Structures are given as C-alpha cells and as structure tokens.
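Structure file protein.txt with compact mmCIF, C-alpha atoms:
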```
# COMPACT_ATOMS: atom_id res chain seq x y z
CA MET N 93 -0.04 17.70 -8.29
CA LYS N 94 2.95 15.40 -7.69
CA LYS N 95 4.00 17.43 -4.64
CA PHE N 96 0.46 17.26 -3.25
CA THR N 97 0.34 13.49 -3.82
CA SER N 98 3.71 13.02 -2.12
CA ALA N 99 2.69 15.19 0.83
CA LEU N 100 -0.62 13.34 1.18
CA PHE N 101 1.13 9.97 0.99
CA PHE N 102 3.63 10.85 3.70
CA ALA N 103 0.88 12.39 5.88
CA VAL N 104 -1.10 9.13 5.70
CA ILE N 105 1.98 7.05 6.52
CA ALA N 106 2.88 9.36 9.41
CA SER N 107 -0.68 9.08 10.75
CA LEU N 108 -0.55 5.30 10.55
CA MET N 109 2.77 5.21 12.37
CA ILE N 110 1.31 6.79 15.52
CA LEU N 111 -1.20 3.95 15.83
CA PRO N 112 -0.24 1.06 18.10
CA VAL N 113 1.89 -1.49 16.25
CA ALA N 114 -0.12 -4.42 14.91
CA GLN N 115 2.85 -6.82 14.63
CA ALA N 116 1.58 -8.12 11.28
CA VAL N 117 3.97 -6.44 8.90
CA CYS N 118 6.05 -3.76 10.54
CA PRO N 119 5.53 -0.05 9.83
CA VAL N 120 9.14 0.33 8.66
CA CYS N 121 8.54 -2.21 5.91
CA THR N 122 5.34 -0.48 4.83
CA VAL N 123 7.05 2.92 4.71
CA ALA N 124 10.00 1.47 2.78
CA VAL N 125 7.69 -0.02 0.16
CA GLY N 126 5.69 3.21 -0.06
CA ALA N 127 8.81 5.31 -0.48
CA GLY N 128 10.01 2.98 -3.23
CA LEU N 129 6.66 3.28 -4.99
CA GLU N 130 6.55 7.07 -4.87
CA GLY N 131 10.18 7.39 -5.92
CA MET N 132 9.67 5.19 -8.97
CA ARG N 133 6.58 7.05 -10.10
CA LEU N 134 8.45 10.36 -9.86
CA LEU N 135 11.35 8.96 -11.89
CA GLY N 136 9.07 7.72 -14.68
CA VAL N 137 9.73 4.02 -14.17
CA ASP N 138 7.76 1.52 -16.28
CA ASP N 139 4.22 0.76 -15.08
CA VAL N 140 4.91 -2.92 -14.44
CA ILE N 141 7.73 -2.03 -12.04
CA THR N 142 5.59 0.59 -10.32
CA GLY N 143 2.78 -1.96 -10.08
CA ILE N 144 5.09 -4.43 -8.34
CA TRP N 145 5.73 -1.92 -5.56
CA ALA N 146 2.05 -0.85 -5.46
CA GLY N 147 1.03 -4.49 -4.99
CA GLY N 148 3.63 -4.97 -2.26
CA LEU N 149 2.53 -1.80 -0.48
CA SER N 150 -1.14 -2.75 -0.67
CA LEU N 151 -0.53 -6.21 0.74
CA SER N 152 1.66 -4.76 3.49
CA LEU N 153 -1.07 -2.29 4.42
CA PHE N 154 -3.62 -5.10 4.30
CA PHE N 155 -1.58 -7.27 6.71
CA TRP N 156 -0.98 -4.31 8.96
CA THR N 157 -4.67 -3.34 9.07
CA ALA N 158 -5.91 -6.91 9.52
CA GLY N 159 -3.47 -7.42 12.41
CA TRP N 160 -4.51 -4.15 14.01
CA LEU N 161 -8.20 -5.04 13.72
CA LYS N 162 -7.59 -8.50 15.20
CA LYS N 163 -5.63 -6.99 18.08
CA HIS N 164 -8.48 -4.59 18.80
CA GLY N 165 -11.16 -7.28 19.05
CA VAL N 166 -12.58 -7.45 15.53
CA LYS N 167 -13.32 -11.13 15.13
CA THR N 168 -15.41 -11.42 11.97
CA VAL N 169 -13.59 -12.45 8.81
CA PHE N 170 -15.55 -9.92 6.77
CA TRP N 171 -14.31 -6.89 8.72
CA GLN N 172 -10.89 -8.29 9.49
CA ILE N 173 -9.91 -9.55 6.02
CA VAL N 174 -12.41 -8.80 3.25
CA VAL N 175 -12.96 -5.09 3.91
CA PRO N 176 -9.26 -4.11 4.21
CA PHE N 177 -8.36 -6.20 1.15
CA VAL N 178 -11.11 -4.70 -0.99
CA PHE N 179 -10.34 -1.21 0.31
CA TYR N 180 -6.59 -1.21 -0.44
CA TYR N 181 -6.85 -2.92 -3.81
CA GLY N 182 -9.87 -0.75 -4.66
CA LEU N 183 -7.65 2.28 -4.11
CA LEU N 184 -5.26 0.87 -6.70
CA ALA N 185 -8.14 0.48 -9.14
CA LEU N 186 -8.76 4.23 -8.82
CA VAL N 187 -5.51 4.79 -10.72
CA TYR N 188 -7.47 4.04 -13.87
CA ALA N 189 -9.88 6.89 -13.03
CA LEU N 190 -7.06 9.43 -13.35
CA PRO N 191 -7.10 11.62 -16.46
CA GLY N 192 -4.98 10.20 -19.25
CA VAL N 193 -4.79 6.71 -17.75
CA GLU N 194 -6.59 3.96 -19.63
CA PHE N 195 -6.79 0.29 -18.73
CA GLY N 196 -4.85 -1.73 -21.30
CA GLN N 197 -3.03 1.29 -22.72
CA ALA N 198 0.34 -0.37 -22.09
CA THR N 199 0.40 -4.17 -21.99
CA LEU N 200 2.87 -6.96 -21.42
CA TRP N 201 1.87 -10.46 -22.47
CA GLY N 202 -1.64 -9.12 -23.17
CA ILE N 203 -2.14 -7.90 -19.58
CA ASP N 204 -2.17 -4.27 -18.49
CA LYS N 205 1.34 -3.53 -17.19
CA PHE N 206 0.22 -1.87 -13.95
CA LEU N 207 -2.23 -4.70 -13.18
CA LEU N 208 0.42 -7.33 -13.96
CA GLY N 209 2.83 -5.52 -11.65
CA ILE N 210 0.25 -5.41 -8.86
CA ILE N 211 -0.30 -9.16 -9.15
CA VAL N 212 3.43 -9.93 -9.23
CA GLY N 213 4.16 -7.53 -6.36
CA THR N 214 1.39 -8.97 -4.22
CA VAL N 215 2.58 -12.53 -4.78
CA ALA N 216 6.25 -11.58 -4.22
CA PHE N 217 5.52 -9.71 -0.99
CA TYR N 218 3.27 -12.53 0.25
CA LEU N 219 5.96 -15.15 -0.45
CA GLY N 220 8.58 -12.98 1.27
CA ALA N 221 6.38 -12.48 4.33
CA ARG N 222 5.58 -16.21 4.53
CA TRP N 223 9.25 -17.11 4.14
CA TYR N 224 10.14 -14.79 7.01
CA VAL N 225 7.55 -16.54 9.21
CA LYS N 226 9.02 -19.93 8.24
CA ILE N 227 12.58 -18.80 9.01
CA LYS N 228 11.47 -17.35 12.35
CA ARG N 229 9.59 -20.53 13.29
CA GLU N 230 12.62 -22.69 12.44
CA ASN N 231 14.83 -20.40 14.56
CA GLY N 232 12.83 -20.85 17.75
CA GLY N 233 10.57 -17.86 17.22
CA HIS N 234 13.41 -15.36 16.70
CA ALA N 235 14.74 -13.59 13.63
CA LYS N 236 18.26 -14.55 12.57
CA PHE N 237 19.33 -10.91 12.20
CA ALA N 238 18.03 -7.43 12.96
CA PHE N 239 15.29 -6.14 10.65
CA GLN N 240 14.89 -9.52 8.97
CA LYS N 241 11.14 -8.88 8.98
CA VAL N 242 11.83 -5.93 6.65
CA VAL N 243 14.67 -7.35 4.59
CA VAL N 244 13.05 -10.62 3.48
CA PRO N 245 9.81 -9.26 1.96
CA LEU N 246 11.64 -6.27 0.44
CA SER N 247 14.24 -8.56 -1.11
CA PHE N 248 11.46 -10.47 -2.86
CA LEU N 249 10.12 -7.19 -4.26
CA ILE N 250 13.61 -6.17 -5.37
CA VAL N 251 14.16 -9.50 -7.15
CA ALA N 252 10.78 -9.19 -8.91
CA THR N 253 11.69 -5.62 -9.88
CA VAL N 254 15.02 -6.67 -11.40
CA VAL N 255 13.43 -9.56 -13.30
CA PHE N 256 10.74 -7.35 -14.82
CA TRP N 257 13.20 -4.55 -15.47
CA LEU N 258 15.28 -7.04 -17.53
CA ILE N 259 12.14 -8.21 -19.36
CA THR N 260 11.01 -4.67 -20.23
CA MET N 261 14.42 -3.20 -21.17
```
Please express the file's structure as structure tokens.
Amino acid sequence: MKKFTSALFFAVIASLMILPVAQAVCPVCTVAVGAGLEGMRLLGVDDVITGIWAGGLSLSLFFWTAGWLKKHGVKTVFWQIVVPFVFYYGLLALVYALPGVEFGQATLWGIDKFLLGIIVGTVAFYLGARWYVKIKRENGGHAKFAFQKVVVPLSFLIVATVVFWLITM
C-alpha cells in the first residue's frame, strides 16, 4: 500500500508540473514539501512532525491552484479561494478515514498531533511565503539569491519541525 501511495503521489505531482506555472508558489517548493512529507511518513516520524509538512504542502498546493485559477480567468472568490482551500484541507481530513487511524488517538496539549501539525505547518509556510514577498518587495521586486522563493518557506517548515521534534523527544 505504501508503494502505491508513493507512486500515486508522484504521479499527481508530475501531472501538476506539466501545467503552466502559476507563479504563486513554485512547483519545486511544492514537490520539495511533498517529498519531505512522504519521506517522514515512511520513516515513522511522529504525527505532529508529519502534520507540519502536510499543512505546508496543502497550503502550497492551495496557493499554486489559486494562482493558476486567477491566471486562467477565474474571478470569483468562491472558486478561486474557497474551493481549493476546502478541497486540499478536506483531503487531509480523509486521513482519519483510514483504517486504524482515530482522531485524538495521539495528542499533544490536548490536540490531536496530526491536526496540531497541520495548523503549525500551515501557519509556518504562510509566514515563510509572506516573508519572501516582503524581502522581494524591499529588494526592488527581485529575490536576493537563487531559489529564495523555495528556501524561505521551507526554512520556516524546517524550524517548526525542529522545534516540535525537540518538544516530542
């Protein structure tokens, strides 16, 4: 089942990469977050850490999809923002439909670890993406170094991962 899930994941990412670039969050960043998520699940990493990367991946996919929809003439907020957000985070909710997975089975501070990780990962990735935009704006619309658009949001996810790894050790 794990091989099938990995193959399906990479097939979806490969399919998304052939679409025109939306310039919201780059495809490289999305693939990097997705690879980190799959790798951690295969290694048996704690659910809160996995949730951090799942939240980051979902927000990255949301930004990417919303940008693509905007670029292709979708102007309504409902279709451009609400539907992709509900879709990607709804997919994460399906984790609890898997056999042997129960909501609240493993908790940290009274919150389900995976859900807590999703929230932390979403916030961390959002702050990283916003910080990149701020840096770019202050630098005359240009990144300060190559792949800064990837490095900044991923560094926020890595910092969140290390913090929660230290908390859960």
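Minimum atom-to-atom distances from N:Tyr224, N:Phe237, N:Tyr218, N:Tyr188 to Leu249 of chain N were compared using only C-alpha atoms, and the lowest value belongs to N:Tyr218.
Between Tyr181 of chain N and the candidates N:Val251, N:Val140, N:Ala146, N:Val166, the tightest atom-to-atom separation, counting only C-alpha atoms, involves N:Ala146.
Residue nearest Ile259 of chain N, chosen from N:Leu219, N:Ile227, N:Asp138, N:Trp145 and counting only C-alpha atoms: N:Asp138.
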Using all atoms listed in the file, the residue out of N:Val178, N:Arg229, N:Thr260, N:Leu161 with shortest distance to Trp201 of chain N is N:Thr260
Just want the 12 Å neighbourhood of Lys162 of chain N, counted on only C-alpha atoms, with same-chain residues fewer than 2 positions away dropped. Output as a count of residues only.
21
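Computed from the coordinates, the atom CA of Thr214 of chain N to atom CA of Val243 of chain N distance equals 16.0 Å.
With atom CA of Phe256 of chain N on one side and atom CA of Phe177 of chain N on the other, the separation reads 24.9 Å.
Note that the spacing between atom CA of Leu151 of chain N and atom CA of Phe179 of chain N amounts to 11.0 Å.
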Contacts between segment 205-212 of chain N and segment 132-151 of chain N, please, where a residue of segment 132-151 of chain N counts if it comes within 7 Å (with all atoms listed in the file); show its shortest atom pair and distance in Å to one decimal, rows by chain and ascending number, as a Markdown table.
```
| residue | atom | partner | partner_atom | distance |
| --- | --- | --- | --- | --- |
| N:Asp139 | CA | N:Phe206 | CA | 4.9 |
| N:Val140 | CA | N:Gly209 | CA | 4.3 |
| N:Ile141 | CA | N:Gly209 | CA | 6.0 |
| N:Thr142 | CA | N:Gly209 | CA | 6.8 |
| N:Gly143 | CA | N:Gly209 | CA | 3.9 |
| N:Ile144 | CA | N:Gly209 | CA | 4.2 |
| N:Ala146 | CA | N:Ile210 | CA | 6.0 |
| N:Gly147 | CA | N:Ile210 | CA | 4.1 |
```
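Candidate residues N:Val175, N:Val244, N:Val254, N:Ala238 were compared for distance to Phe217 of chain N, and the nearest is N:Val244, using only C-alpha atoms.
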